[in-house]
$ cat my_file_24.txt   # compact mmCIF, C-alpha atoms
# COMPACT_ATOMS: atom_id res chain seq x y z
CA MET T 1 53.93 -85.76 46.93
CA GLN T 2 50.46 -84.15 46.77
CA PHE T 3 48.97 -82.53 43.58
CA ASN T 4 46.19 -79.88 43.46
CA SER T 5 43.61 -80.60 40.84
CA ILE T 6 42.36 -77.82 38.48
CA CYS T 7 38.92 -78.17 36.91
CA VAL T 8 38.48 -76.60 33.42
CA GLN T 9 34.95 -76.17 31.97
CA LYS T 10 34.61 -76.15 28.19
CA THR T 11 32.19 -73.77 26.50
CA ASP T 12 29.65 -75.31 24.21
CA PRO T 13 30.17 -73.73 20.79
CA LYS T 14 26.48 -74.27 19.94
CA SER T 15 25.18 -72.06 22.78
CA GLY T 16 23.80 -68.45 21.89
CA PHE T 17 21.43 -65.73 23.11
CA GLY T 18 18.60 -66.78 25.30
CA ILE T 19 14.98 -66.34 24.30
CA MET T 20 14.61 -63.27 26.51
CA GLU T 21 17.61 -61.63 24.92
CA VAL T 22 16.17 -62.24 21.46
CA LEU T 23 12.78 -60.83 22.44
CA ILE T 24 14.34 -57.73 23.91
CA ALA T 25 16.44 -57.20 20.80
CA MET T 26 13.37 -57.62 18.58
CA ALA T 27 11.41 -55.12 20.68
CA LEU T 28 14.23 -52.61 20.43
CA LEU T 29 14.43 -53.06 16.67
CA PHE T 30 10.65 -52.66 16.40
CA MET T 31 10.69 -49.47 18.45
CA LEU T 32 13.59 -48.15 16.39
CA SER T 33 11.75 -48.91 13.16
CA LEU T 34 8.65 -47.17 14.46
CA GLY T 35 10.72 -44.14 15.42
CA MET T 36 12.40 -44.06 12.01
CA THR T 37 9.05 -44.41 10.25
CA SER T 38 7.60 -41.61 12.33
CA LEU T 39 10.70 -39.50 11.66
CA PHE T 40 10.47 -40.05 7.91
CA THR T 41 6.73 -39.31 7.97
CA ASN T 42 7.28 -36.09 9.89
CA MET T 43 10.08 -35.11 7.54
CA GLN T 44 7.86 -35.74 4.53
CA ASN T 45 4.99 -33.75 6.08
CA GLU T 46 7.33 -30.89 6.96
CA GLN T 47 8.82 -30.91 3.47
CA LYS T 48 5.31 -30.88 2.02
CA ARG T 49 4.29 -28.02 4.29
CA GLN T 50 7.38 -25.96 3.48
CA SER T 51 6.80 -26.52 -0.22
CA LEU T 52 3.22 -25.33 0.19
CA ILE T 53 4.31 -22.27 2.15
CA ALA T 54 6.79 -21.41 -0.62
CA PHE T 55 3.97 -21.67 -3.17
CA LEU T 56 1.67 -19.45 -1.11
CA THR T 57 4.47 -16.89 -0.73
CA SER T 58 4.94 -16.94 -4.49
CA ASN T 59 1.21 -16.35 -4.95
CA LYS T 60 1.35 -13.45 -2.52
CA ASN T 61 4.11 -11.86 -4.60
CA LEU T 62 2.06 -12.42 -7.75
CA PHE T 63 -0.93 -10.54 -6.31
CA GLU T 64 1.22 -7.73 -4.91
CA ASN T 65 2.89 -7.20 -8.28
CA ALA T 66 -0.45 -7.23 -10.07
CA PHE T 67 -1.87 -4.58 -7.76
CA LYS T 68 1.22 -2.33 -7.92
CA ASN T 69 2.40 -2.68 -11.53
CA ASP T 70 0.96 0.07 -13.76
CA GLN T 71 0.27 -2.19 -16.74
CA SER T 72 -1.30 -5.05 -14.79
CA TRP T 73 -3.43 -2.57 -12.81
CA ALA T 74 -4.60 -1.00 -16.08
CA ASN T 75 -5.48 -4.51 -17.32
CA ILE T 76 -7.37 -5.22 -14.08
CA LEU T 77 -9.46 -2.08 -14.53
CA THR T 78 -10.08 -2.87 -18.18
CA GLY T 79 -11.13 -6.43 -17.38
CA ASN T 80 -13.39 -5.39 -14.50
CA ALA T 81 -15.33 -2.67 -16.26
CA VAL T 82 -18.06 -2.15 -13.66
CA MET T 83 -15.50 -1.51 -10.95
CA ALA T 84 -13.44 0.75 -13.24
CA ASP T 85 -16.51 2.81 -14.14
CA CYS T 86 -17.25 3.20 -10.46
CA ILE T 87 -13.87 4.34 -9.22
CA LEU T 88 -12.51 6.18 -12.25
CA ASP T 89 -15.35 7.70 -14.22
CA ALA T 90 -18.79 7.85 -12.68
CA PRO T 91 -18.99 7.15 -8.94
CA ALA T 92 -22.63 8.21 -8.91
CA VAL T 93 -23.56 5.16 -11.00
CA CYS T 94 -21.74 2.64 -8.82
CA ASP T 95 -23.77 -0.48 -8.24
CA VAL T 96 -25.60 -0.07 -4.93
CA SER T 97 -24.15 -3.38 -3.75
CA LEU T 98 -20.60 -2.04 -3.85
CA SER T 99 -19.07 -1.46 -0.45
CA VAL T 100 -17.52 1.96 0.12
CA THR T 101 -16.75 1.45 3.80
CA PRO T 102 -13.03 1.16 4.61
CA PRO T 103 -12.28 -2.11 6.41
CA ALA T 104 -11.13 -2.01 9.99
CA ALA T 105 -7.41 -2.32 10.70
CA ASN T 106 -5.96 -5.84 10.38
CA THR T 107 -9.15 -7.19 8.84
CA VAL T 108 -10.13 -8.22 5.32
CA ASP T 109 -13.43 -7.46 3.65
CA MET T 110 -15.27 -10.75 3.07
CA THR T 111 -18.67 -9.48 1.91
CA PHE T 112 -17.90 -10.67 -1.65
CA ALA T 113 -19.51 -7.52 -3.07
CA ASN T 114 -16.54 -6.23 -5.05
CA THR T 115 -14.63 -9.34 -6.12
CA ILE T 116 -12.61 -9.19 -9.35
CA GLN T 117 -10.44 -10.97 -11.89
CA VAL T 118 -6.68 -10.44 -11.60
CA TYR T 119 -4.64 -9.82 -14.76
CA ASN T 120 -0.92 -9.94 -15.45
CA GLY T 121 1.21 -7.09 -16.79
CA ALA T 122 1.34 -8.23 -20.41
CA THR T 123 0.40 -5.82 -23.18
CA SER T 124 -3.26 -4.84 -22.93
CA PRO T 125 -5.60 -6.57 -22.32
CA GLY T 126 -3.25 -9.02 -20.57
CA SER T 127 -4.26 -12.46 -19.32
CA VAL T 128 -6.24 -13.56 -16.30
CA VAL T 129 -3.92 -15.04 -13.68
CA TYR T 130 -6.65 -15.64 -11.12
CA ASP T 131 -10.42 -15.32 -11.17
CA GLY T 132 -11.31 -14.10 -7.69
CA ARG T 133 -14.96 -13.41 -8.46
CA ILE T 134 -16.58 -15.15 -5.49
CA GLN T 135 -20.00 -13.59 -5.22
CA ASN T 136 -21.08 -15.79 -2.34
CA ALA T 137 -19.88 -18.82 -0.42
CA ALA T 138 -21.27 -21.45 -2.79
CA GLY T 139 -18.54 -22.98 -5.00
CA PRO T 140 -16.93 -24.36 -6.98
CA PHE T 141 -14.35 -21.67 -7.84
CA ALA T 142 -10.83 -21.33 -9.17
CA GLY T 143 -8.32 -22.91 -6.81
CA PHE T 144 -5.07 -24.79 -6.37
CA THR T 145 -3.89 -28.17 -5.18
CA GLU T 146 -1.48 -28.51 -2.26
CA LYS T 147 1.29 -28.92 -4.85
CA GLY T 148 0.45 -25.51 -6.30
CA SER T 149 -1.15 -26.67 -9.53
CA PRO T 150 -4.38 -25.00 -10.72
CA CYS T 151 -7.37 -27.25 -10.11
CA ASN T 152 -8.83 -28.57 -13.34
CA PRO T 153 -11.76 -28.38 -13.38
CA ASN T 154 -12.38 -25.63 -10.85
CA ALA T 155 -13.22 -27.44 -7.65
CA PHE T 156 -12.42 -25.08 -4.79
CA ASP T 157 -15.33 -24.96 -2.34
CA PRO T 158 -14.84 -22.34 0.40
CA ARG T 159 -17.90 -23.28 2.45
CA PRO T 160 -17.37 -24.65 5.97
CA ASN T 161 -17.23 -28.46 6.06
CA GLN T 162 -17.42 -28.59 2.26
CA GLY T 163 -13.71 -28.52 1.50
CA ASN T 164 -11.77 -31.21 -0.33
CA ASP T 165 -8.12 -32.20 -0.42
CA ALA T 166 -8.07 -32.26 -4.22
CA CYS T 167 -8.50 -28.44 -4.37
CA PRO T 168 -8.15 -26.88 -0.92
CA ILE T 169 -6.67 -23.44 -1.76
CA GLY T 170 -8.43 -20.37 -3.11
CA TYR T 171 -8.48 -16.58 -2.84
CA VAL T 172 -11.09 -13.88 -2.41
CA VAL T 173 -9.86 -10.83 -4.36
CA THR T 174 -11.62 -7.57 -3.54
CA ILE T 175 -11.39 -3.84 -4.28
CA ILE T 176 -12.93 -1.52 -1.70
CA PRO T 177 -13.26 2.17 -2.67
CA HIS T 178 -13.14 4.37 0.41
CA ALA T 179 -15.53 6.99 -0.95
CA ALA T 180 -18.01 7.39 -3.79
CA VAL T 181 -15.82 9.89 -5.66
CA THR T 182 -13.78 9.80 -8.84
CA ASN T 183 -10.32 8.28 -8.35
CA PRO T 184 -10.81 7.47 -4.66
CA LYS T 185 -8.40 5.81 -2.30
CA VAL T 186 -8.95 2.05 -2.60
CA THR T 187 -7.89 -0.99 -0.62
CA VAL T 188 -7.17 -4.12 -2.67
CA PHE T 189 -7.22 -7.53 -0.96
CA ALA T 190 -6.22 -11.05 -1.92
CA LYS T 191 -7.35 -13.21 1.02
CA MET T 192 -6.09 -16.80 1.05
CA ILE T 193 -8.62 -19.50 2.01
CA PHE T 194 -7.51 -23.04 2.92
CA ASN T 195 -10.39 -25.48 3.05
CA GLY T 196 -9.31 -29.09 2.85
CA ALA T 197 -11.29 -32.14 3.94
CA SER T 198 -12.32 -32.12 7.59
CA THR T 199 -9.44 -34.43 8.53
CA ASN T 200 -6.75 -32.35 6.81
CA PRO T 201 -4.29 -31.15 9.52
CA LEU T 202 -3.42 -28.08 7.47
CA ASN T 203 -6.89 -26.66 8.13
CA THR T 204 -5.79 -25.97 11.70
CA PHE T 205 -2.26 -24.99 10.70
CA PHE T 206 -3.42 -22.18 8.38
CA ASN T 207 -6.68 -21.29 10.13
CA ALA T 208 -7.75 -19.48 6.97
CA THR T 209 -11.44 -20.20 6.69
CA ILE T 210 -13.89 -18.14 4.71
CA THR T 211 -15.34 -16.79 7.95
CA ASN T 212 -11.95 -15.62 9.27
CA THR T 213 -11.57 -11.94 8.40
CA THR T 214 -8.22 -11.45 10.14
CA PHE T 215 -5.48 -10.23 7.79
CA ASN T 216 -2.53 -12.63 7.74
CA PRO T 217 0.56 -10.88 6.34
CA LYS T 218 2.23 -14.22 5.59
CA TYR T 219 -0.25 -15.23 2.91
CA ASP T 220 -2.69 -12.35 2.35
CA VAL T 221 -2.19 -9.18 0.33
CA LYS T 222 -3.52 -5.75 1.30
CA ILE T 223 -2.55 -2.77 -0.88
CA GLU T 224 -3.73 0.80 -0.43
CA ARG T 225 -3.54 3.04 -3.48
CA THR T 226 -5.68 5.41 -5.49
CA ALA T 227 -7.61 4.06 -8.40
CA ALA T 228 -5.20 5.77 -10.81
CA SER T 229 -1.87 5.61 -8.96
CA VAL T 230 -0.07 3.18 -6.70
CA ASN T 231 1.82 5.96 -4.91
CA LYS T 232 0.50 7.79 -1.90
CA SER T 233 0.45 11.53 -2.44
CA PHE T 234 -0.81 14.81 -1.04
CA ALA T 235 -1.23 18.43 -2.04
CA ALA T 236 -1.75 21.58 -0.01
CA GLU T 237 -2.12 25.21 -0.99
CA SER T 238 -1.84 28.65 0.55
CA VAL T 239 -4.78 30.89 -0.33
CA ARG T 240 -5.81 34.50 0.17
CA THR T 241 -9.53 35.16 0.34
CA LEU T 242 -10.09 38.18 -1.90
CA THR T 243 -12.29 40.26 0.37
CA GLY T 244 -11.85 43.51 2.25
CA GLY T 245 -9.21 44.93 -0.10
CA GLY T 246 -7.07 41.79 0.08
CA CYS T 247 -6.43 42.00 -3.61
CA LEU T 248 -4.78 45.39 -3.48
CA ASN T 249 -2.85 44.57 -0.34
CA GLY T 250 -1.77 41.05 -1.15
CA GLY T 251 -3.40 38.96 -3.83
CA PHE T 252 -1.05 36.71 -5.73
CA GLY T 253 2.61 36.34 -4.95
CA ASP T 254 3.08 37.92 -1.54
CA CYS T 255 6.66 38.79 -0.65
CA ALA T 256 8.83 41.28 1.17
CA SER T 257 12.56 41.96 1.13
CA THR T 258 12.97 40.21 4.49
CA GLY T 259 10.91 37.20 3.41
CA THR T 260 7.18 36.57 3.72
CA ARG T 261 5.76 33.34 5.05
CA TYR T 262 2.83 31.95 3.11
CA LEU T 263 -0.13 31.49 5.44
CA ASN T 264 -3.69 30.15 5.42
CA TRP T 265 -2.99 26.61 4.18
CA ARG T 266 -5.70 24.18 3.16
CA GLU T 267 -6.07 20.69 1.65
CA PRO T 268 -7.89 20.74 -1.70
CA ALA T 269 -10.71 18.19 -1.80
CA GLY T 270 -9.46 14.66 -2.47
CA GLU T 271 -5.77 15.62 -2.42
CA ASP T 272 -4.76 13.77 0.78
CA GLN T 273 -6.66 10.51 0.71
CA PHE T 274 -4.03 8.67 2.78
CA GLY T 275 -3.92 11.13 5.66
CA LEU T 276 -0.25 11.99 5.12
CA ILE T 277 -0.51 15.59 6.34
CA THR T 278 -2.24 18.12 8.52
CA VAL T 279 -2.41 21.82 7.65
CA ASP T 280 -2.84 25.01 9.64
CA ASN T 281 -2.34 28.71 9.15
CA ASN T 282 1.46 28.43 9.16
CA GLY T 283 2.09 25.53 6.80
CA VAL T 284 2.03 21.78 6.23
CA THR T 285 2.95 18.99 8.65
CA ILE T 286 3.82 15.52 7.31
CA THR T 287 2.52 12.80 9.66
CA GLU T 288 3.91 9.63 8.03
CA ALA T 289 7.63 8.88 7.82
CA GLY T 290 9.19 7.97 4.49
CA LYS T 291 10.86 9.36 1.38
CA TYR T 292 8.97 12.00 -0.60
CA SER T 293 9.42 13.75 -3.91
CA CYS T 294 7.90 17.24 -3.71
CA ASN T 295 7.10 19.99 -6.18
CA VAL T 296 6.63 23.51 -4.85
CA THR T 297 5.05 26.39 -6.78
CA THR T 298 4.88 30.06 -5.77
CA PHE T 299 3.90 33.22 -7.66
CA ALA T 300 5.25 36.75 -7.77
CA PHE T 301 3.70 39.96 -9.14
CA ARG T 302 5.54 43.31 -9.54
CA ALA T 303 8.23 41.96 -7.19
CA GLY T 304 11.59 42.47 -8.91
CA SER T 305 14.09 39.72 -8.04
CA VAL T 306 12.31 36.91 -6.20
CA GLU T 307 13.45 33.89 -4.19
CA SER T 308 11.14 31.18 -2.83
CA ARG T 309 12.13 28.59 -0.22
CA LEU T 310 10.82 25.46 1.43
CA THR T 311 12.11 25.34 5.01
CA ASN T 312 11.43 23.61 8.30
CA ASP T 313 10.13 26.81 9.94
CA THR T 314 11.76 30.24 9.53
CA TRP T 315 13.22 31.92 6.46
CA ALA T 316 16.72 31.20 7.79
CA GLY T 317 15.84 27.68 8.95
CA THR T 318 16.79 24.37 7.31
CA LYS T 319 16.33 24.86 3.57
CA TYR T 320 14.95 21.89 1.66
CA GLY T 321 14.81 23.56 -1.76
CA GLY T 322 14.21 26.84 -3.55
CA ALA T 323 13.99 28.80 -6.77
CA ASN T 324 14.76 32.29 -8.08
CA GLY T 325 12.94 34.46 -10.60
CA PHE T 326 12.12 38.02 -11.70
CA ALA T 327 8.84 39.91 -11.99
CA SER T 328 9.29 43.49 -13.17
CA ALA T 329 7.62 46.03 -10.91
CA PRO T 330 7.40 48.97 -13.40
CA THR T 331 5.76 46.85 -16.10
CA ALA T 332 3.48 44.83 -13.77
CA GLY T 333 5.48 41.66 -14.35
CA TYR T 334 4.31 38.26 -13.17
CA THR T 335 6.28 35.03 -12.75
CA THR T 336 5.81 31.51 -11.50
CA LEU T 337 8.58 29.90 -9.46
CA GLN T 338 8.75 26.12 -9.34
CA PHE T 339 11.23 23.68 -7.86
CA GLN T 340 11.49 20.01 -7.01
CA THR T 341 13.06 18.53 -3.89
CA ASN T 342 13.35 15.15 -2.18
CA LEU T 343 12.62 14.79 1.52
CA THR T 344 13.61 11.96 3.85
CA VAL T 345 11.22 12.08 6.79
CA LEU T 346 12.64 9.97 9.60
CA THR T 347 10.58 11.30 12.47
CA VAL T 348 7.11 12.83 12.55
CA PRO T 349 5.57 15.32 12.81
CA PHE T 350 7.69 16.98 10.09
CA THR T 351 6.93 20.66 9.47
CA LEU T 352 7.15 22.45 6.12
CA ALA T 353 7.01 26.21 5.62
CA VAL T 354 6.98 28.15 2.33
CA TRP T 355 8.63 31.59 2.18
CA GLN T 356 9.27 34.17 -0.51
CA SER T 357 11.42 37.31 -0.62
CA CYS T 358 11.69 40.02 -3.24
CA SER T 359 13.74 43.14 -3.98
CA ALA T 360 10.91 45.53 -4.96
CA GLY T 361 8.72 45.11 -1.92
CA GLY T 362 6.21 42.88 -3.65
CA THR T 363 2.46 43.02 -3.39
CA LEU T 364 2.46 43.66 0.34
CA THR T 365 3.84 47.12 -0.46
CA VAL T 366 2.65 47.61 -4.02
CA PRO T 367 4.77 50.25 -5.76
CA ASP T 368 1.69 51.61 -7.50
CA ALA T 369 -1.35 51.23 -5.24
CA THR T 370 -3.69 51.89 -8.16
CA VAL T 371 -2.63 48.61 -9.79
CA ASN T 372 -4.86 45.75 -8.71
CA SER T 373 -2.47 42.88 -7.98
CA CYS T 374 -5.26 40.37 -8.68
CA GLN T 375 -5.40 41.51 -12.31
CA LEU T 376 -1.85 40.27 -12.89
CA GLY T 377 -1.48 42.99 -15.50
CA PHE T 378 -4.69 42.10 -17.32
CA GLY T 379 -7.95 43.99 -17.54
CA ASN T 380 -10.14 41.88 -15.27
CA ALA T 381 -9.41 40.99 -11.66
CA TYR T 382 -9.48 37.38 -10.53
CA THR T 383 -12.66 36.86 -8.53
CA GLY T 384 -11.95 33.57 -6.73
CA ASP T 385 -9.61 32.77 -3.87
CA ALA T 386 -6.03 33.48 -4.87
CA VAL T 387 -3.83 30.36 -4.62
CA ARG T 388 -0.49 31.90 -3.73
CA ALA T 389 1.60 28.74 -3.24
CA ARG T 390 1.20 25.00 -3.63
CA VAL T 391 3.08 21.96 -2.31
CA ASN T 392 2.53 18.62 -4.06
CA CYS T 393 4.37 15.49 -2.83
CA ILE T 394 4.47 11.83 -3.80
CA LYS T 395 5.60 9.25 -1.26
CA LEU T 396 8.30 7.10 -2.84
CA SER T 397 8.89 4.60 -0.04
CA ASP T 398 8.53 4.02 3.68
$ encode --input "my_file_24.txt" --output "structure tokens"
Amino acid sequence: MQFNSICVQKTDPKSGFGIMEVLIAMALLFMLSLGMTSLFTNMQNEQKRQSLIAFLTSNKNLFENAFKNDQSWANILTGNAVMADCILDAPAVCDVSLSVTPPAANTVDMTFANTIQVYNGATSPGSVVYDGRIQNAAGPFAGFTEKGSPCNPNAFDPRPNQGNDACPIGYVVTIIPHAAVTNPKVTVFAKMIFNGASTNPLNTFFNATITNTTFNPKYDVKIERTAASVNKSFAAESVRTLTGGGCLNGGFGDCASTGTRYLNWREPAGEDQFGLITVDNNGVTITEAGKYSCNVTTFAFRAGSVESRLTNDTWAGTKYGGANGFASAPTAGYTTLQFQTNLTVLTVPFTLAVWQSCSAGGTLTVPDATVNSCQLGFGNAYTGDAVRARVNCIKLSD
């Protein structure tokens, strides 16, 4: 009988990974640890950056509120007396260094001529929330740390290659009047400057150096308003030049039974500083979309029952508002008609026409031609241009 032999090899329980396996495992662990370290570092940097962006956004809101809020704006003017005297009271005595040239679109004025202190909206005189008075590029000035804390002491240096990581954030706050007149249109800026040490990576991220005049809507503030009001507004009026018998044949308060359109419109000086309208002989054309609150005034003399309307074109066109009144013809009666209306302008140009009708023929067909309609029933005739109608609107929102 023959037997086949089977050979069984026993495994040595003391055997393990070879040296190469261990080295490979160590290399993998090292690479993993490097990747995790890099990941955590990037996460920390991103968290730091997002926190800083949130702070800068908060600062932007602070400046916007200060420039728009009535009380804080009043405090700003009180606390910056030279600027207030210039734009509210006596433009002729403005300091010659003040800029009155409107900045180009999408740019920020960085001449440092009109820098100011910013106040909050507390009861007058309020408190300074930021001192933006940078008269030139040589610091140090008020600033903030990357964590959003005010630097103490002031250590913000905006000059190129002079920044520091202890206080890298500051603002240039400027008011630019657009004309040397009382209560002009003004542009108010708060321009963020980031100027860390030369090795700070956020210098490149923000690209907000003192020499960069580009307006950045993420961090910068740019508000257009008048010196006295935050709202844009305009006014226009229809006039009759009192020459060549115009007084007897028209004067104040033109109207006819079929409706008379007020003509010869003009913009009174300084009444449309934001370029919201154009005017021509037929009426007013709004050129900027938005919501408006408008007051319309017309006059009637010796006209009987009177109705005035604000329409899109004709007497029978879209009616935006109106008023009724009475001005007795036999007794040379005179009345003023006023009404308020809200307009939502979705598309431009948006045309406005003012009309007036009356039952007694009105001053275009004066019942008694010997009565001078410019006297309005008084002894002396009005000698200037007769303002026959007026439209005054405030823009409420875009």
$ atom_distance --input "my_file_24.txt" --atom1 "CA of Gly304 (chain T)" --atom2 "CA of Gln340 (chain T)"
22.5 Å
$ atom_distance --input "my_file_24.txt" --atom1 "CA of Phe350 (chain T)" --atom2 "CA of Thr287 (chain T)"
6.7 Å
$ atom_distance --input "my_file_24.txt" --atom1 "CA of Val391 (chain T)" --atom2 "CA of Ala236 (chain T)"
5.4 Å
$ closest_residue --input "my_file_24.txt" --among "T:Thr182, T:Ser359, T:Gln117, T:Gln71" --to "Gly259 (chain T)" --atoms "only C-alpha atoms"
T:Ser359
$ closest_residue --input "my_file_24.txt" --among "T:Ser238, T:Thr260, T:Thr174, T:Gln47" --to "Ser357 (chain T)" --atoms "all atoms listed in the file"
T:Thr260
